[in-house]
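Structure below is query30.pdb: PDB, C-alpha atoms, pLDDT in the B column.
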```
MODEL        1
ATOM      1  CA  MET A   1      12.807  21.192  22.837  1.00 71.00           C
ATOM      2  CA  LYS A   2      14.456  22.676  19.740  1.00 80.00           C
ATOM      3  CA  GLN A   3      17.576  23.608  21.726  1.00 82.00           C
ATOM      4  CA  LYS A   4      18.002  20.518  23.907  1.00 78.00           C
ATOM      5  CA  GLY A   5      16.063  17.878  21.981  1.00 81.00           C
ATOM      6  CA  LEU A   6      15.109  15.902  25.080  1.00 82.00           C
ATOM      7  CA  VAL A   7      14.179  17.285  28.466  1.00 80.00           C
ATOM      8  CA  ARG A   8      14.254  14.863  31.367  1.00 83.00           C
ATOM      9  CA  GLY A   9      12.332  15.498  34.549  1.00 84.00           C
ATOM     10  CA  PRO A  10      13.489  14.286  37.933  1.00 86.00           C
ATOM     11  CA  GLN A  11      13.622  10.500  38.176  1.00 81.00           C
ATOM     12  CA  GLN A  12      10.584   9.070  39.923  1.00 75.00           C
ATOM     13  CA  PRO A  13      10.539   5.790  41.853  1.00 70.00           C
ATOM     14  CA  LEU A  14       9.017   2.943  39.894  1.00 72.00           C
ATOM     15  CA  TYR A  15       6.969   1.519  42.742  1.00 74.00           C
ATOM     16  CA  PHE A  16       7.665   3.015  46.157  1.00 75.00           C
ATOM     17  CA  GLU A  17       9.586   6.000  47.486  1.00 75.00           C
ATOM     18  CA  ASP A  18      13.163   4.993  48.278  1.00 75.00           C
ATOM     19  CA  GLY A  19      13.533   4.385  52.006  1.00 79.00           C
ATOM     20  CA  VAL A  20       9.790   4.543  52.715  1.00 81.00           C
ATOM     21  CA  PRO A  21       8.220   1.243  53.806  1.00 82.00           C
ATOM     22  CA  ALA A  22       5.571  -0.102  51.415  1.00 82.00           C
ATOM     23  CA  GLU A  23       1.979   0.025  52.646  1.00 84.00           C
ATOM     24  CA  PHE A  24      -0.763  -2.329  51.526  1.00 87.00           C
ATOM     25  CA  PRO A  25      -4.487  -1.973  52.348  1.00 88.00           C
ATOM     26  CA  THR A  26      -4.693  -5.381  54.006  1.00 90.00           C
ATOM     27  CA  PRO A  27      -5.235  -6.343  57.656  1.00 90.00           C
ATOM     28  CA  THR A  28      -1.538  -7.199  58.012  1.00 87.00           C
ATOM     29  CA  GLY A  29      -0.287  -4.235  55.960  1.00 88.00           C
ATOM     30  CA  LYS A  30       1.603  -6.733  53.788  1.00 87.00           C
ATOM     31  CA  ILE A  31       1.029  -8.567  50.529  1.00 89.00           C
ATOM     32  CA  GLU A  32      -1.227 -11.479  51.458  1.00 90.00           C
ATOM     33  CA  PHE A  33      -1.224 -14.749  49.540  1.00 90.00           C
ATOM     34  CA  TYR A  34      -3.692 -16.170  52.075  1.00 93.00           C
ATOM     35  CA  SER A  35      -6.518 -13.683  52.584  1.00 91.00           C
ATOM     36  CA  THR A  36      -8.538 -13.814  55.763  1.00 91.00           C
ATOM     37  CA  GLN A  37     -10.853 -11.208  54.194  1.00 91.00           C
ATOM     38  CA  LEU A  38     -11.710 -13.615  51.382  1.00 91.00           C
ATOM     39  CA  LYS A  39     -12.141 -16.463  53.852  1.00 93.00           C
ATOM     40  CA  ASP A  40     -14.456 -14.364  56.045  1.00 93.00           C
ATOM     41  CA  ALA A  41     -16.539 -13.486  52.963  1.00 91.00           C
ATOM     42  CA  GLY A  42     -17.009 -17.188  52.145  1.00 92.00           C
ATOM     43  CA  PHE A  43     -14.415 -17.478  49.362  1.00 91.00           C
ATOM     44  CA  ASP A  44     -11.307 -19.613  49.064  1.00 92.00           C
ATOM     45  CA  PRO A  45      -8.573 -17.686  50.924  1.00 93.00           C
ATOM     46  CA  VAL A  46      -6.136 -18.667  48.155  1.00 92.00           C
ATOM     47  CA  PRO A  47      -8.059 -18.287  44.881  1.00 82.00           C
ATOM     48  CA  ARG A  48      -7.674 -21.279  42.618  1.00 85.00           C
ATOM     49  CA  TYR A  49      -7.801 -21.441  38.858  1.00 85.00           C
ATOM     50  CA  THR A  50     -11.070 -22.813  37.546  1.00 84.00           C
ATOM     51  CA  ARG A  51     -10.891 -24.110  33.997  1.00 86.00           C
ATOM     52  CA  PRO A  52     -13.632 -22.614  31.818  1.00 87.00           C
ATOM     53  CA  ALA A  53     -16.261 -24.994  30.522  1.00 90.00           C
ATOM     54  CA  ASP A  54     -15.705 -26.542  27.116  1.00 93.00           C
ATOM     55  CA  GLY A  55     -18.113 -25.748  24.321  1.00 94.00           C
ATOM     56  CA  PRO A  56     -20.299 -28.134  22.401  1.00 94.00           C
ATOM     57  CA  PRO A  57     -18.399 -30.664  20.264  1.00 94.00           C
ATOM     58  CA  GLY A  58     -17.217 -29.233  16.946  1.00 94.00           C
ATOM     59  CA  THR A  59     -17.303 -25.599  18.117  1.00 98.00           C
ATOM     60  CA  PHE A  60     -14.597 -23.002  18.611  1.00 98.00           C
ATOM     61  CA  ARG A  61     -14.274 -20.593  21.543  1.00 98.00           C
ATOM     62  CA  LEU A  62     -14.902 -17.056  20.233  1.00 97.00           C
ATOM     63  CA  LEU A  63     -12.193 -14.583  21.222  1.00 97.00           C
ATOM     64  CA  SER A  64     -12.157 -10.903  20.327  1.00 93.00           C
ATOM     65  CA  GLY A  65      -9.843  -7.972  20.726  1.00 90.00           C
ATOM     66  CA  ARG A  66      -8.689  -4.667  19.355  1.00 84.00           C
ATOM     67  CA  ALA A  67      -6.751  -3.528  16.297  1.00 81.00           C
ATOM     68  CA  PRO A  68      -4.114  -0.806  16.572  1.00 78.00           C
ATOM     69  CA  VAL A  69      -5.678   0.869  13.532  1.00 79.00           C
ATOM     70  CA  HIS A  70      -9.132   1.515  15.002  1.00 67.00           C
ATOM     71  CA  THR A  71     -10.706   2.772  18.206  1.00 73.00           C
ATOM     72  CA  PHE A  72     -13.513   0.278  18.735  1.00 65.00           C
ATOM     73  CA  SER A  73     -16.027   1.038  15.941  1.00 63.00           C
ATOM     74  CA  ARG A  74     -15.638   4.820  16.054  1.00 70.00           C
ATOM     75  CA  THR A  75     -12.920   5.222  13.430  1.00 73.00           C
ATOM     76  CA  GLN A  76     -14.012   2.856  10.687  1.00 71.00           C
ATOM     77  CA  SER A  77     -15.600   5.626   8.629  1.00 72.00           C
ATOM     78  CA  ASN A  78     -12.324   7.581   8.635  1.00 73.00           C
ATOM     79  CA  PRO A  79     -11.016   7.076   5.060  1.00 72.00           C
ATOM     80  CA  VAL A  80      -7.333   6.965   6.052  1.00 73.00           C
ATOM     81  CA  LEU A  81      -7.874   4.369   8.773  1.00 72.00           C
ATOM     82  CA  ARG A  82     -10.405   2.442   6.681  1.00 71.00           C
ATOM     83  CA  ASP A  83      -7.778   2.135   3.931  1.00 69.00           C
ATOM     84  CA  ALA A  84      -5.481   0.503   6.494  1.00 71.00           C
ATOM     85  CA  MET A  85      -8.189  -1.943   7.676  1.00 71.00           C
ATOM     86  CA  ASP A  86     -11.595  -1.901   6.041  1.00 75.00           C
ATOM     87  CA  GLU A  87     -13.035  -5.083   7.534  1.00 83.00           C
ATOM     88  CA  ASN A  88     -12.200  -7.623  10.178  1.00 90.00           C
ATOM     89  CA  GLU A  89     -11.280 -11.243   9.623  1.00 94.00           C
ATOM     90  CA  VAL A  90     -11.860 -14.377  11.643  1.00 97.00           C
ATOM     91  CA  TRP A  91      -8.593 -16.061  12.531  1.00 97.00           C
ATOM     92  CA  VAL A  92      -8.728 -19.834  12.123  1.00 98.00           C
ATOM     93  CA  ASN A  93      -5.921 -22.233  13.012  1.00 98.00           C
ATOM     94  CA  GLY A  94      -3.981 -23.581  10.015  1.00 98.00           C
ATOM     95  CA  ASP A  95      -4.663 -27.236  10.824  1.00 98.00           C
ATOM     96  CA  VAL A  96      -8.382 -26.503  11.190  1.00 98.00           C
ATOM     97  CA  GLY A  97      -8.339 -24.549   7.928  1.00 98.00           C
ATOM     98  CA  ALA A  98      -6.679 -27.456   6.132  1.00 98.00           C
ATOM     99  CA  ARG A  99      -9.190 -29.931   7.597  1.00 97.00           C
ATOM    100  CA  LEU A 100     -12.105 -27.730   6.460  1.00 97.00           C
ATOM    101  CA  GLY A 101     -10.570 -26.868   3.081  1.00 97.00           C
ATOM    102  CA  LEU A 102     -10.571 -23.229   4.136  1.00 97.00           C
ATOM    103  CA  HIS A 103      -8.116 -20.656   2.770  1.00 97.00           C
ATOM    104  CA  SER A 104      -7.259 -17.107   3.798  1.00 97.00           C
ATOM    105  CA  GLY A 105      -9.610 -14.733   2.019  1.00 96.00           C
ATOM    106  CA  ASP A 106     -12.513 -17.197   1.828  1.00 97.00           C
ATOM    107  CA  TYR A 107     -15.739 -15.757   3.205  1.00 96.00           C
ATOM    108  CA  VAL A 108     -17.505 -17.641   5.996  1.00 97.00           C
ATOM    109  CA  ARG A 109     -20.282 -17.069   8.495  1.00 97.00           C
ATOM    110  CA  LEU A 110     -20.138 -17.943  12.161  1.00 98.00           C
ATOM    111  CA  ARG A 111     -23.043 -19.500  14.073  1.00 98.00           C
ATOM    112  CA  ASN A 112     -22.978 -19.312  17.860  1.00 97.00           C
ATOM    113  CA  GLN A 113     -24.296 -21.835  20.372  1.00 97.00           C
ATOM    114  CA  ASP A 114     -27.653 -20.013  20.493  1.00 97.00           C
ATOM    115  CA  GLY A 115     -28.191 -20.029  16.715  1.00 97.00           C
ATOM    116  CA  VAL A 116     -27.138 -16.425  16.010  1.00 97.00           C
ATOM    117  CA  VAL A 117     -25.476 -16.174  12.582  1.00 97.00           C
ATOM    118  CA  SER A 118     -22.928 -13.507  11.711  1.00 96.00           C
ATOM    119  CA  ASP A 119     -22.612 -11.475   8.554  1.00 94.00           C
ATOM    120  CA  ARG A 120     -20.018 -12.817   6.160  1.00 94.00           C
ATOM    121  CA  VAL A 121     -16.427 -12.375   7.255  1.00 96.00           C
ATOM    122  CA  LYS A 122     -13.107 -13.229   5.630  1.00 96.00           C
ATOM    123  CA  ALA A 123     -11.164 -16.144   7.049  1.00 97.00           C
ATOM    124  CA  ARG A 124      -7.529 -15.678   7.966  1.00 97.00           C
ATOM    125  CA  VAL A 125      -5.902 -19.094   8.212  1.00 98.00           C
ATOM    126  CA  THR A 126      -2.921 -18.761  10.526  1.00 98.00           C
ATOM    127  CA  ALA A 127      -0.732 -20.573  13.019  1.00 97.00           C
ATOM    128  CA  ALA A 128      -1.236 -17.616  15.400  1.00 96.00           C
ATOM    129  CA  ILE A 129      -4.437 -19.047  16.934  1.00 97.00           C
ATOM    130  CA  ARG A 130      -5.136 -22.189  18.903  1.00 96.00           C
ATOM    131  CA  PRO A 131      -7.054 -24.948  17.087  1.00 97.00           C
ATOM    132  CA  ASP A 132      -9.940 -24.778  19.580  1.00 97.00           C
ATOM    133  CA  CYS A 133     -10.484 -20.998  19.202  1.00 97.00           C
ATOM    134  CA  VAL A 134     -11.247 -18.349  16.594  1.00 98.00           C
ATOM    135  CA  TYR A 135     -10.478 -14.636  16.927  1.00 97.00           C
ATOM    136  CA  MET A 136     -12.073 -11.470  15.531  1.00 95.00           C
ATOM    137  CA  VAL A 137     -11.269  -7.777  15.859  1.00 91.00           C
ATOM    138  CA  HIS A 138     -14.089  -5.993  17.705  1.00 88.00           C
ATOM    139  CA  GLY A 139     -16.185  -3.193  16.245  1.00 82.00           C
ATOM    140  CA  PHE A 140     -17.075  -4.318  12.722  1.00 83.00           C
ATOM    141  CA  GLY A 141     -20.309  -5.596  11.205  1.00 81.00           C
ATOM    142  CA  HIS A 142     -22.270  -2.336  11.075  1.00 75.00           C
ATOM    143  CA  THR A 143     -25.913  -2.859  10.179  1.00 79.00           C
ATOM    144  CA  SER A 144     -26.955   0.742   9.475  1.00 77.00           C
ATOM    145  CA  LYS A 145     -27.223   1.359   5.739  1.00 78.00           C
ATOM    146  CA  GLY A 146     -26.577   5.035   6.485  1.00 78.00           C
ATOM    147  CA  LEU A 147     -22.967   4.104   7.231  1.00 71.00           C
ATOM    148  CA  ARG A 148     -22.292   3.677   3.521  1.00 73.00           C
ATOM    149  CA  SER A 149     -18.533   3.173   3.793  1.00 69.00           C
ATOM    150  CA  THR A 150     -18.711   0.575   6.597  1.00 71.00           C
ATOM    151  CA  PHE A 151     -22.049  -1.168   6.034  1.00 72.00           C
ATOM    152  CA  GLY A 152     -21.524  -4.854   5.267  1.00 76.00           C
ATOM    153  CA  LYS A 153     -17.816  -4.812   6.080  1.00 81.00           C
ATOM    154  CA  GLY A 154     -16.883  -7.718   8.300  1.00 85.00           C
ATOM    155  CA  ALA A 155     -18.876  -9.297  11.097  1.00 90.00           C
ATOM    156  CA  SER A 156     -19.867  -8.239  14.593  1.00 90.00           C
ATOM    157  CA  ASP A 157     -18.278 -10.174  17.430  1.00 92.00           C
ATOM    158  CA  ALA A 158     -20.716  -8.520  19.866  1.00 90.00           C
ATOM    159  CA  GLN A 159     -23.701  -9.972  17.979  1.00 93.00           C
ATOM    160  CA  LEU A 160     -22.320 -13.469  18.612  1.00 96.00           C
ATOM    161  CA  MET A 161     -21.752 -12.896  22.341  1.00 95.00           C
ATOM    162  CA  THR A 162     -25.128 -13.929  23.712  1.00 96.00           C
ATOM    163  CA  ARG A 163     -23.738 -15.408  26.927  1.00 94.00           C
ATOM    164  CA  TYR A 164     -21.431 -14.177  29.652  1.00 92.00           C
ATOM    165  CA  ALA A 165     -20.097 -15.391  32.974  1.00 91.00           C
ATOM    166  CA  VAL A 166     -19.691 -13.312  36.139  1.00 91.00           C
ATOM    167  CA  ASP A 167     -16.664 -13.887  38.347  1.00 87.00           C
ATOM    168  CA  PRO A 168     -18.090 -14.501  41.848  1.00 83.00           C
ATOM    169  CA  LEU A 169     -15.050 -12.984  43.540  1.00 83.00           C
ATOM    170  CA  MET A 170     -14.474  -9.687  41.745  1.00 83.00           C
ATOM    171  CA  GLY A 171     -17.657  -9.280  39.688  1.00 86.00           C
ATOM    172  CA  GLY A 172     -16.029  -8.962  36.278  1.00 87.00           C
ATOM    173  CA  THR A 173     -17.806 -10.396  33.278  1.00 87.00           C
ATOM    174  CA  GLY A 174     -16.243 -12.935  30.986  1.00 86.00           C
ATOM    175  CA  ILE A 175     -17.400 -13.011  27.385  1.00 86.00           C
ATOM    176  CA  ASN A 176     -15.114 -15.787  26.201  1.00 91.00           C
ATOM    177  CA  VAL A 177     -17.832 -18.302  27.052  1.00 94.00           C
ATOM    178  CA  ASN A 178     -19.367 -18.140  23.574  1.00 97.00           C
ATOM    179  CA  PHE A 179     -18.732 -20.812  20.978  1.00 98.00           C
ATOM    180  CA  VAL A 180     -19.175 -20.800  17.209  1.00 98.00           C
ATOM    181  CA  THR A 181     -19.142 -23.099  14.232  1.00 98.00           C
ATOM    182  CA  ILE A 182     -17.824 -22.062  10.838  1.00 98.00           C
ATOM    183  CA  GLU A 183     -20.186 -22.107   7.870  1.00 97.00           C
ATOM    184  CA  GLN A 184     -18.451 -21.964   4.514  1.00 93.00           C
ATOM    185  CA  GLY A 185     -19.722 -20.613   1.222  1.00 82.00           C
ATOM    186  CA  ALA A 186     -20.870 -17.238   2.536  1.00 70.00           C
TER     187      ALA A 186
ENDMDL
END
```
Show me this structure written as structure tokens.
Amino acid sequence: MKQKGLVRGPQQPLYFEDGVPAEFPTPTGKIEFYSTQLKDAGFDPVPRYTRPADGPPGTFRLLSGRAPVHTFSRTQSNPVLRDAMDENEVWVNGDVGARLGLHSGDYVRLRNQDGVVSDRVKARVTAAIRPDCVYMVHGFGHTSKGLRSTFGKGASDAQLMTRYAVDPLMGGTGINVNFVTIEQGA
């Protein structure tokens, strides 16, 4: 590496070996847009998009995700990473923030459709989120007082996810079926 700087291995095919016919594990051996296997199992042979149910009036769909700074909740007690991000925020659309008189940095609590209330969390008013949704980074809201450096920092998205939906076709669970309201003055 010191002598050459970059060492390239032999080029590999991106998808299939050049000149070798592609094989697919389907009855026809081809990509199937109409699946007889799905039809035989009692499903639509061409899966169709089903719009998720809307939440109660005045609520926001709760979305969550990751931060490049942390690995779930496992790195929040690392002082270097904690300095980069010590608590999560709830992203709220700018128009919604203006309507509610909410500003970035204000603390709020979230209440889900089943009455579960979050710890206090900072609002981040931004155009980067839809007006019918809010977003939080996963892994915050530790409740153990023994975690002195992370206790009381942010809110737990998992605590607010009291419902889920199971995809009947592939069995995956959807957690974006939870809805919250925003309570100011936290």
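Nearest to A:Phe60 of all the residues A:Pro131, A:Gly94, A:Gly29, A:Pro13 is A:Pro131, counting only C-alpha atoms.
Rounded to one decimal, atom CA of A:Thr59 and atom CA of A:Phe179 lie 5.8 Å from each other.
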Item to complete: On this file, the PyMOL selection byres ((chain A and resi 114-127) around 9) gives some set of residues; write that set as a PyMOL selection string.
Response: chain A and resi 87-98+102-113+128-131+141+152-157+159-160+162-163+179+186
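Distances from A:Ala67, A:Ile175, A:Leu38, A:Val46 to A:Gly139 were compared using all atoms listed in the file, and the smallest one belongs to A:Ala67.
Our summary of the geometry notes that atom CA of A:Val177 is positioned 25.1 Å from atom CA of A:Gly42.
Straight-line separation from atom CA of A:Met1 to atom CA of A:Tyr15: 28.6 Å.
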Fill in: Long-range neighbours of A:Ser64 as a VMD selection string, 6 Å cut-off, all atoms listed in the file, 2 positions minimum in chain
chain A and resid 135 to 138
Fill in: Answer as a list in words, residues within 12 Å of (-12.6, 4.6, 12.0) using all atoms listed in the file
Ala67, Pro68, Val69, His70, Thr71, Phe72, Ser73, Arg74, Thr75, Gln76, Ser77, Asn78, Pro79, Val80, Leu81, Arg82, Asp83, Ala84, Met85, Asp86, Glu87, Gly139, Phe140, His142, Leu147, Ser149 and Thr150 of chain A
Mind dumping the selected residues with C-alpha atoms as an mmCIF file, in the frame of the given file?
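Once written, out03.cif looks like this:
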```cif
data_model
loop_
_atom_site.group_PDB
_atom_site.id
_atom_site.type_symbol
_atom_site.label_atom_id
_atom_site.label_comp_id
_atom_site.auth_asym_id
_atom_site.auth_seq_id
_atom_site.Cartn_x
_atom_site.Cartn_y
_atom_site.Cartn_z
ATOM 1 C CA ALA A 67 -6.751 -3.528 16.297
ATOM 2 C CA PRO A 68 -4.114 -0.806 16.572
ATOM 3 C CA VAL A 69 -5.678 0.869 13.532
ATOM 4 C CA HIS A 70 -9.132 1.515 15.002
ATOM 5 C CA THR A 71 -10.706 2.772 18.206
ATOM 6 C CA PHE A 72 -13.513 0.278 18.735
ATOM 7 C CA SER A 73 -16.027 1.038 15.941
ATOM 8 C CA ARG A 74 -15.638 4.820 16.054
ATOM 9 C CA THR A 75 -12.920 5.222 13.430
ATOM 10 C CA GLN A 76 -14.012 2.856 10.687
ATOM 11 C CA SER A 77 -15.600 5.626 8.629
ATOM 12 C CA ASN A 78 -12.324 7.581 8.635
ATOM 13 C CA PRO A 79 -11.016 7.076 5.060
ATOM 14 C CA VAL A 80 -7.333 6.965 6.052
ATOM 15 C CA LEU A 81 -7.874 4.369 8.773
ATOM 16 C CA ARG A 82 -10.405 2.442 6.681
ATOM 17 C CA ASP A 83 -7.778 2.135 3.931
ATOM 18 C CA ALA A 84 -5.481 0.503 6.494
ATOM 19 C CA MET A 85 -8.189 -1.943 7.676
ATOM 20 C CA ASP A 86 -11.595 -1.901 6.041
ATOM 21 C CA GLU A 87 -13.035 -5.083 7.534
ATOM 22 C CA GLY A 139 -16.185 -3.193 16.245
ATOM 23 C CA PHE A 140 -17.075 -4.318 12.722
ATOM 24 C CA HIS A 142 -22.270 -2.336 11.075
ATOM 25 C CA LEU A 147 -22.967 4.104 7.231
ATOM 26 C CA SER A 149 -18.533 3.173 3.793
ATOM 27 C CA THR A 150 -18.711 0.575 6.597
#
```
Discussion item. Here is a test: counting all atoms listed in the file, which residue of A:Thr181, A:Gly19, A:Tyr34, A:Pro27 is nearest to A:Arg48?
Written reply: A:Tyr34
Fill in: Minimum-distance residue to A:Met170, chosen among A:Phe43, A:Ile31, A:Val7, A:Leu62 (using all atoms listed in the file)
A:Phe43
Practice prompt. Determine, counting all atoms listed in the file, which protein, DNA and RNA residues have an atom within 12 Å of an atom of A:Ala165; residues of the same chain fewer than 3 positions away are not included. Present the result as number ranges by chain.
Written response: A: 52-53, 161-162, 168-178
Go ahead and write the residues just picked, C-alpha atoms, as a PDB file, in the frame of the given file.
```pdb
ATOM      1  CA  PRO A  52     -13.632 -22.614  31.818  1.00 87.00           C
ATOM      2  CA  ALA A  53     -16.261 -24.994  30.522  1.00 90.00           C
ATOM      3  CA  MET A 161     -21.752 -12.896  22.341  1.00 95.00           C
ATOM      4  CA  THR A 162     -25.128 -13.929  23.712  1.00 96.00           C
ATOM      5  CA  PRO A 168     -18.090 -14.501  41.848  1.00 83.00           C
ATOM      6  CA  LEU A 169     -15.050 -12.984  43.540  1.00 83.00           C
ATOM      7  CA  MET A 170     -14.474  -9.687  41.745  1.00 83.00           C
ATOM      8  CA  GLY A 171     -17.657  -9.280  39.688  1.00 86.00           C
ATOM      9  CA  GLY A 172     -16.029  -8.962  36.278  1.00 87.00           C
ATOM     10  CA  THR A 173     -17.806 -10.396  33.278  1.00 87.00           C
ATOM     11  CA  GLY A 174     -16.243 -12.935  30.986  1.00 86.00           C
ATOM     12  CA  ILE A 175     -17.400 -13.011  27.385  1.00 86.00           C
ATOM     13  CA  ASN A 176     -15.114 -15.787  26.201  1.00 91.00           C
ATOM     14  CA  VAL A 177     -17.832 -18.302  27.052  1.00 94.00           C
ATOM     15  CA  ASN A 178     -19.367 -18.140  23.574  1.00 97.00           C
TER      16      ASN A 178
END
```
